[in-house]
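S.K.: So that we are looking at the same thing, I have put the structure below in structure tokens.
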Amino acid sequence: MGQLLAQDAFMLGLPMPPVPTRIYAGVGGPRASWLPFGMEANDGILSVSEASGRFAAQVIRVPPFTHSS
């Protein structure tokens with residue numbers, strides 16, 4: 001699936017729901033100018049913009065889990 005995410009033709013061909021859609025996107029991935037995502041929020045696999053696409057009505061950014069003792 002990861003290879004298909006990089007193919008614009010495949011992604012544009014996916015059917016989208018006809019109703020407003022909420023996307024939950026993780027933001028615990030590393031950020032640095034020299035990394036592939038740069039300073040963009042990501043979960044280590046996808047950036048928030050990749051996860052939300054062009055049809056998301058609302059994006060909920062999910063902070064990384066922190067274990068409290």
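Following the order of the structure tokens, first chain is A, next is B, and so on, with residues numbered from 1 inside each chain and ligands from 1 in the order they appear.
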If we count only C-alpha atoms, what is near segment 43-51 of chain A at a cut-off of 9 Å, once residues fewer than 6 positions away on the same chain are taken out, given as a VMD selection string?

M.R.: chain A and resid 2 5 23 to 30 37 59 61 64

S.K.: With N, CA, C and O atoms retained, write the just-selected residues as a tab-separated table (two decimals), in the first residue's frame.

M.R.:
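Once everything was written out, this is again_39.tsv:
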```tsv
chain	number	residue	atom	x	y	z
A	2	GLY	N	1.98	1.21	0.70
A	2	GLY	CA	2.83	2.38	0.77
A	2	GLY	C	3.29	2.85	-0.60
A	2	GLY	O	3.41	4.05	-0.84
A	5	LEU	N	0.55	4.84	-2.31
A	5	LEU	CA	0.35	6.19	-1.78
A	5	LEU	C	1.13	7.23	-2.56
A	5	LEU	O	0.74	8.39	-2.63
A	23	ILE	N	-10.71	12.97	9.50
A	23	ILE	CA	-9.46	12.22	9.44
A	23	ILE	C	-8.73	12.39	10.76
A	23	ILE	O	-8.58	13.50	11.26
A	24	TYR	N	-8.29	11.29	11.33
A	24	TYR	CA	-7.46	11.32	12.54
A	24	TYR	C	-6.03	11.05	12.08
A	24	TYR	O	-5.75	10.00	11.52
A	25	ALA	N	-5.14	12.01	12.31
A	25	ALA	CA	-3.77	11.90	11.84
A	25	ALA	C	-2.79	12.03	12.99
A	25	ALA	O	-2.87	12.98	13.77
A	26	GLY	N	-1.88	11.08	13.08
A	26	GLY	CA	-0.85	11.12	14.11
A	26	GLY	C	0.18	12.20	13.80
A	26	GLY	O	0.47	12.48	12.64
A	27	VAL	N	0.74	12.79	14.84
A	27	VAL	CA	1.74	13.84	14.65
A	27	VAL	C	2.99	13.59	15.50
A	27	VAL	O	3.74	14.51	15.78
A	28	GLY	N	3.23	12.33	15.87
A	28	GLY	CA	4.37	12.02	16.72
A	28	GLY	C	5.65	11.71	15.98
A	28	GLY	O	6.65	11.38	16.61
A	29	GLY	N	5.65	11.82	14.65
A	29	GLY	CA	6.85	11.53	13.88
A	29	GLY	C	7.91	12.61	14.03
A	29	GLY	O	7.61	13.75	14.39
A	30	PRO	N	9.16	12.26	13.72
A	30	PRO	CA	10.24	13.24	13.85
A	30	PRO	C	10.13	14.35	12.82
A	30	PRO	O	9.62	14.15	11.71
A	37	PHE	N	9.99	14.43	5.59
A	37	PHE	CA	8.82	15.27	5.81
A	37	PHE	C	9.19	16.70	6.19
A	37	PHE	O	8.31	17.55	6.33
A	59	VAL	N	-9.71	17.65	10.11
A	59	VAL	CA	-8.56	16.83	10.46
A	59	VAL	C	-8.31	16.98	11.95
A	59	VAL	O	-8.18	18.09	12.46
A	61	ARG	N	-5.70	16.20	14.79
A	61	ARG	CA	-4.29	15.83	14.98
A	61	ARG	C	-4.15	15.11	16.32
A	61	ARG	O	-4.47	15.68	17.36
A	64	PRO	N	1.23	12.18	20.15
A	64	PRO	CA	1.80	10.89	20.50
A	64	PRO	C	1.40	10.47	21.91
A	64	PRO	O	1.20	11.30	22.78
```

S.K.: Quote the spacing between atom CA of Gln3 of chain A and atom CA of Pro15 of chain A in Å to one decimal place.

M.R.: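 Pair atom CA of Gln3 of chain A / atom CA of Pro15 of chain A returns 18.3 Å.
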
S.K.: Using the chain letters and numbers from this document, which residues of segment 18-50 of chain A does DSSP assign to strand (DSSP E), as a ChimeraX atom specification?

M.R.: /A:21-26

S.K.: Calculate how many Å separate atom CA of Pro20 of chain A from atom CA of Ser52 of chain A, rounding to one decimal.

M.R.: 12.0 Å

S.K.: For the structure I just gave you, how does DSSP split chain A - specifically, which residues are helix (DSSP H, G or I)? Reply as a PyMOL selection string.

M.R.: chain A and resi 2-5+8-13+48-52

S.K.: For each of A:Thr21, A:Gln7, A:Asn42, A:Ser33, take the minimum atom-to-atom distance to Val62 of chain A, counting only C-alpha atoms, then give the residue where this is smallest.

M.R.: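 Checking each of A:Thr21, A:Gln7, A:Asn42, A:Ser33 against Val62 of chain A, counting only C-alpha atoms, the winner is A:Asn42.
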